[in-house]
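Here is the structure we will look at, set down as structure tokens.
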Amino acid sequence: MPIFRFAPSPNGRLHLGHAYSALLNAKLAQQTGGTFLVRIEDIDITRCSPTLADQCLTDLLWLGIEWDEGVRIQSEHWADYTGALISLISRDLLYPCFCTRKEIAEAATQKDPDGAPLYPGTCRHIPSHESENLIEQGVSHSWRLNMDNALALMPGPHSYTRFALHSLATQSVAANPARWGDVILARKEIPTSYHISVVVDDALQNITHVVRGADLEAATDLHTLLQTLLNLPKPLYHHHPLLTGEEGDKLSKSKNSPSIAQLREDGVTPASIRQQLLA
Ligand code: GLU
């Protein structure tokens, strides 16, 4: 049976774009006789809070969205992500990076698919006794994927499987994880990353169908690589178009688009939102 999920990051109130993604996942689960799960992706403890997480769930319930089983809250499962990271470190697939954001911005000559500076590999060649010394001295560091080492383990083309919403028909999509370079998999201030946590949790929750916004399509190239490295099952993916605002711009929490809470206060009904989004 298919298992779908909606995985919001509670770093602000949910807006219509989230509601669309959640409603779509819940509807697909219902139509296919599958399961619908909610996961709170709150590893970014600098921006997320339990209050915001509760508010996310309140907004979903108000919209009439119900989920099966308990909600998985990522900040309660650090050990699961650490386990995956240790497995990569033990195979020489991660290395510590001591660079500051400023140093990276100054040294980078290319951008990653999110438009951030592509890491130029500065710390990749630090001998391990030197980096161990720095870590012992308490110098803060992130952990980066050694993309060359990772790719060397996997000769041949990379791909993932996309599925169509109505027929659930599948199609193989070429993936190019190399364009992410030596991506951060554990941050300086947070002992994991979105990329590690999402592949670990999708596997732990037995997710079969990932339906999420097109803004995460490029990340799937990396996720398929991590799933292979960690020997995790690979869900099927569908990336839906992002809802746009009146001026054609992407709806996001940062750009003052009305939150579900605001719409509720303004007297908008859940039924009208559902009808507007799923029509
Ligand atoms: N937590 C992510 C977000 O709110 C979504 C993760 C996913 O669906 O894979 O953007």
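Within each chain, counting starts at residue 1; across the structure tokens, chains are named A, B, ... in the order shown, with ligands numbered 1 upward in that order.
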Site check for ligand 1: residues at most 6 Å away, only C-alpha atoms and all ligand atoms, as number ranges by chain
A: 7-9, 41, 212
Atoms kept (N, CA and C atoms) for selection, written as a short mmCIF file (atom, residue, chain, number, x, y, z; two decimals), in the first residue's frame:
data_model
loop_
_atom_site.label_atom_id
_atom_site.label_comp_id
_atom_site.auth_asym_id
_atom_site.auth_seq_id
_atom_site.Cartn_x
_atom_site.Cartn_y
_atom_site.Cartn_z
N ALA A 7 5.72 17.02 5.09
CA ALA A 7 6.82 17.20 6.05
C ALA A 7 7.19 18.68 6.20
N PRO A 8 6.33 19.46 6.85
CA PRO A 8 6.63 20.89 6.98
C PRO A 8 7.77 21.19 7.95
N SER A 9 8.47 22.29 7.70
CA SER A 9 9.47 22.81 8.64
C SER A 9 8.80 23.94 9.41
N GLU A 41 9.63 18.68 10.43
CA GLU A 41 11.07 18.76 10.13
C GLU A 41 11.65 19.98 10.84
N ARG A 212 6.19 16.55 -3.30
CA ARG A 212 6.65 17.81 -2.71
C ARG A 212 6.89 18.82 -3.81
#
Apply DSSP to the backbone of this structure and, from region 50-266 of chain A, keep only the residues in strand (DSSP E or B); write these as a ChimeraX atom specification.
/A:72-73,94-97,111,117,142-145,158-163,170-175,184-186,209-213,236-240,244,250,259
Same residues, C-alpha atoms, saved as a PDB file, in the first residue's frame:
ATOM      1  CA  ARG A  72       7.261  12.055  13.750  1.00  0.00           C
ATOM      2  CA  ILE A  73       9.161  15.023  15.161  1.00  0.00           C
ATOM      3  CA  LEU A  94      32.565  12.843   4.914  1.00  0.00           C
ATOM      4  CA  TYR A  95      35.231  15.284   6.060  1.00  0.00           C
ATOM      5  CA  PRO A  96      35.183  18.111   8.600  1.00  0.00           C
ATOM      6  CA  CYS A  97      35.092  21.651   7.228  1.00  0.00           C
ATOM      7  CA  LYS A 111      26.818  28.138  -7.449  1.00  0.00           C
ATOM      8  CA  PRO A 117      28.162  29.333  -3.373  1.00  0.00           C
ATOM      9  CA  SER A 142      30.523  21.129   9.689  1.00  0.00           C
ATOM     10  CA  TRP A 143      30.720  17.747   7.918  1.00  0.00           C
ATOM     11  CA  ARG A 144      30.771  17.679   4.134  1.00  0.00           C
ATOM     12  CA  LEU A 145      30.201  14.892   1.659  1.00  0.00           C
ATOM     13  CA  HIS A 158      22.334   8.112 -11.483  1.00  0.00           C
ATOM     14  CA  SER A 159      18.577   8.213 -11.642  1.00  0.00           C
ATOM     15  CA  TYR A 160      15.414   8.262  -9.579  1.00  0.00           C
ATOM     16  CA  THR A 161      11.851   7.324 -10.400  1.00  0.00           C
ATOM     17  CA  ARG A 162       9.179   9.936 -10.964  1.00  0.00           C
ATOM     18  CA  PHE A 163       5.462   9.110 -10.893  1.00  0.00           C
ATOM     19  CA  THR A 170       6.468   5.750 -13.441  1.00  0.00           C
ATOM     20  CA  GLN A 171       9.387   7.048 -15.438  1.00  0.00           C
ATOM     21  CA  SER A 172      13.132   7.094 -14.783  1.00  0.00           C
ATOM     22  CA  VAL A 173      14.711  10.549 -14.433  1.00  0.00           C
ATOM     23  CA  ALA A 174      18.446  11.181 -14.886  1.00  0.00           C
ATOM     24  CA  ALA A 175      20.028  12.626 -11.738  1.00  0.00           C
ATOM     25  CA  ILE A 184      27.109  19.984   4.051  1.00  0.00           C
ATOM     26  CA  LEU A 185      25.506  16.957   5.710  1.00  0.00           C
ATOM     27  CA  ALA A 186      25.920  18.090   9.330  1.00  0.00           C
ATOM     28  CA  HIS A 209       5.589   8.142  -2.640  1.00  0.00           C
ATOM     29  CA  VAL A 210       7.150  11.554  -2.016  1.00  0.00           C
ATOM     30  CA  VAL A 211       4.999  14.430  -3.282  1.00  0.00           C
ATOM     31  CA  ARG A 212       6.650  17.809  -2.706  1.00  0.00           C
ATOM     32  CA  GLY A 213       7.246  21.161  -4.361  1.00  0.00           C
ATOM     33  CA  LEU A 236       8.977   7.332  -6.042  1.00  0.00           C
ATOM     34  CA  TYR A 237       8.859  11.113  -6.485  1.00  0.00           C
ATOM     35  CA  HIS A 238       6.458  13.704  -7.826  1.00  0.00           C
ATOM     36  CA  HIS A 239       7.406  17.390  -7.697  1.00  0.00           C
ATOM     37  CA  HIS A 240       4.335  19.605  -7.986  1.00  0.00           C
ATOM     38  CA  THR A 244       2.365  31.606  -7.129  1.00  0.00           C
ATOM     39  CA  LYS A 250       6.538  32.054  -5.353  1.00  0.00           C
ATOM     40  CA  SER A 259      -0.855  32.426   6.340  1.00  0.00           C
TER      41      SER A 259
END
Name the residues of region 69-200 of chain A that come out as alpha helix (DSSP H) in a backbone DSSP run; write them as a PyMOL selection string.
chain A and resi 78-90+101-107+128-136+147-152+194-200
Output file for the residues above (N, CA and C atoms, as a short mmCIF file (atom, residue, chain, number, x, y, z; two decimals), in the first residue's frame):
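File written: selection-v3.cif
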data_model
loop_
_atom_site.label_atom_id
_atom_site.label_comp_id
_atom_site.auth_asym_id
_atom_site.auth_seq_id
_atom_site.Cartn_x
_atom_site.Cartn_y
_atom_site.Cartn_z
N TRP A 78 17.62 12.67 17.00
CA TRP A 78 18.98 13.01 16.54
C TRP A 78 19.82 11.76 16.32
N ALA A 79 19.65 10.76 17.19
CA ALA A 79 20.53 9.57 17.11
C ALA A 79 20.38 8.85 15.76
N ASP A 80 19.20 8.91 15.18
CA ASP A 80 19.01 8.25 13.88
C ASP A 80 19.86 8.91 12.80
N TYR A 81 19.95 10.24 12.88
CA TYR A 81 20.72 10.96 11.85
C TYR A 81 22.22 10.81 12.12
N THR A 82 22.60 10.81 13.41
CA THR A 82 24.00 10.62 13.76
C THR A 82 24.48 9.25 13.27
N GLY A 83 23.63 8.26 13.41
CA GLY A 83 24.00 6.91 12.96
C GLY A 83 24.34 6.90 11.48
N ALA A 84 23.54 7.58 10.69
CA ALA A 84 23.79 7.63 9.24
C ALA A 84 25.09 8.37 8.96
N LEU A 85 25.31 9.47 9.70
CA LEU A 85 26.54 10.26 9.48
C LEU A 85 27.77 9.45 9.84
N ILE A 86 27.70 8.72 10.96
CA ILE A 86 28.86 7.91 11.39
C ILE A 86 29.17 6.84 10.33
N SER A 87 28.12 6.29 9.78
CA SER A 87 28.34 5.26 8.74
C SER A 87 29.07 5.87 7.54
N LEU A 88 28.76 7.11 7.19
CA LEU A 88 29.44 7.75 6.06
C LEU A 88 30.88 8.14 6.43
N ILE A 89 31.06 8.62 7.68
CA ILE A 89 32.41 9.02 8.11
C ILE A 89 33.33 7.79 8.12
N SER A 90 32.79 6.67 8.58
CA SER A 90 33.63 5.46 8.70
C SER A 90 34.08 4.98 7.33
N ARG A 101 31.33 31.05 6.43
CA ARG A 101 30.51 31.42 5.27
C ARG A 101 31.22 32.44 4.39
N LYS A 102 31.87 33.39 5.08
CA LYS A 102 32.54 34.47 4.36
C LYS A 102 33.68 33.91 3.50
N GLU A 103 34.47 33.02 4.11
CA GLU A 103 35.59 32.43 3.36
C GLU A 103 35.09 31.67 2.13
N ILE A 104 33.97 30.95 2.31
CA ILE A 104 33.45 30.17 1.19
C ILE A 104 32.94 31.12 0.10
N ALA A 105 32.21 32.16 0.52
CA ALA A 105 31.66 33.10 -0.47
C ALA A 105 32.80 33.74 -1.27
N GLU A 106 33.92 34.02 -0.60
CA GLU A 106 35.04 34.67 -1.29
C GLU A 106 35.77 33.71 -2.24
N ALA A 107 35.82 32.42 -1.85
CA ALA A 107 36.61 31.48 -2.65
C ALA A 107 35.80 30.79 -3.75
N SER A 128 44.20 14.12 8.14
CA SER A 128 43.26 13.80 9.22
C SER A 128 43.84 14.13 10.60
N HIS A 129 45.17 14.01 10.80
CA HIS A 129 45.69 14.33 12.14
C HIS A 129 45.50 15.82 12.43
N GLU A 130 45.58 16.65 11.39
CA GLU A 130 45.38 18.10 11.61
C GLU A 130 43.91 18.40 11.93
N SER A 131 43.01 17.81 11.18
CA SER A 131 41.60 18.10 11.46
C SER A 131 41.20 17.52 12.82
N GLU A 132 41.76 16.36 13.18
CA GLU A 132 41.45 15.80 14.51
C GLU A 132 41.91 16.75 15.61
N ASN A 133 43.09 17.36 15.41
CA ASN A 133 43.60 18.34 16.37
C ASN A 133 42.64 19.52 16.51
N LEU A 134 42.23 20.04 15.36
CA LEU A 134 41.32 21.21 15.38
C LEU A 134 40.02 20.86 16.10
N ILE A 135 39.51 19.66 15.84
CA ILE A 135 38.25 19.24 16.49
C ILE A 135 38.47 19.13 18.00
N GLU A 136 39.62 18.55 18.37
CA GLU A 136 39.93 18.42 19.81
C GLU A 136 40.02 19.78 20.49
N MET A 147 32.22 14.38 -2.44
CA MET A 147 31.43 13.97 -3.60
C MET A 147 32.22 13.05 -4.53
N ASP A 148 33.51 13.33 -4.70
CA ASP A 148 34.30 12.46 -5.60
C ASP A 148 34.37 11.04 -5.05
N ASN A 149 34.62 10.91 -3.75
CA ASN A 149 34.68 9.56 -3.16
C ASN A 149 33.32 8.86 -3.29
N ALA A 150 32.25 9.64 -3.08
CA ALA A 150 30.91 9.05 -3.15
C ALA A 150 30.62 8.57 -4.57
N LEU A 151 30.93 9.42 -5.55
CA LEU A 151 30.63 9.05 -6.94
C LEU A 151 31.50 7.87 -7.39
N ALA A 152 32.73 7.82 -6.85
CA ALA A 152 33.63 6.72 -7.25
C ALA A 152 33.07 5.36 -6.83
N TYR A 194 19.07 18.86 6.48
CA TYR A 194 17.81 18.45 5.82
C TYR A 194 18.05 17.19 5.00
N HIS A 195 19.15 17.17 4.20
CA HIS A 195 19.35 16.07 3.25
C HIS A 195 19.48 14.72 3.96
N ILE A 196 20.26 14.68 5.05
CA ILE A 196 20.42 13.40 5.77
C ILE A 196 19.10 13.01 6.44
N SER A 197 18.50 13.98 7.13
CA SER A 197 17.30 13.65 7.92
C SER A 197 16.16 13.18 7.03
N VAL A 198 16.03 13.81 5.86
CA VAL A 198 14.88 13.47 5.02
C VAL A 198 15.03 12.06 4.44
N VAL A 199 16.25 11.68 4.04
CA VAL A 199 16.36 10.32 3.47
C VAL A 199 16.26 9.26 4.57
N VAL A 200 16.80 9.56 5.75
CA VAL A 200 16.71 8.60 6.86
C VAL A 200 15.24 8.42 7.26
#
Nearby residues (only C-alpha atoms) at most 12 Å from Gly115 (chain A), same-chain spacing under 5 positions excluded, as a PyMOL selection string
chain A and resi 105+108-110+179-180+215+218
Could you list, as a list of chain:residue names, every residue within 7 Å of region 14-26 of chain A, counting only C-alpha atoms and ignoring same-chain residues fewer than 3 positions away?
A:Phe4, A:Arg5, A:Phe6, A:Ala29, A:Gln30, A:Phe36, A:Cys56, A:Ile65, A:Val211, A:Arg212, A:Leu242, A:Leu243, A:Leu251, A:Lys253, A:Ser257, A:Pro258, A:Ser259, A:Ile260, A:Leu277
Length of the CA of Ala178 (chain A) to CA of Pro113 (chain A) vector [Å]:
10.4 Å
Residue nearest Pro191 (chain A) - candidates A:Asn11, A:Gln74, A:Gln275, A:Gln205, atoms counted: only C-alpha atoms:
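Counting only C-alpha atoms, the residue closest to Pro191 (chain A) is A:Gln74.
Going from CA of Leu61 (chain A) over to CA of Val38 (chain A), you cover 11.4 Å.
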Find, counting only C-alpha atoms, the residue in A:Trp62, A:Ile43, A:Arg13, A:Arg124 that gets nearest to Ile273 (chain A).
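Closest candidate: A:Trp62.
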Go through A:Ala116, A:Met1, A:Leu232, A:Ile40 and flag the residue nearest Leu52 (chain A), using only C-alpha atoms for the distances.
A:Ile40
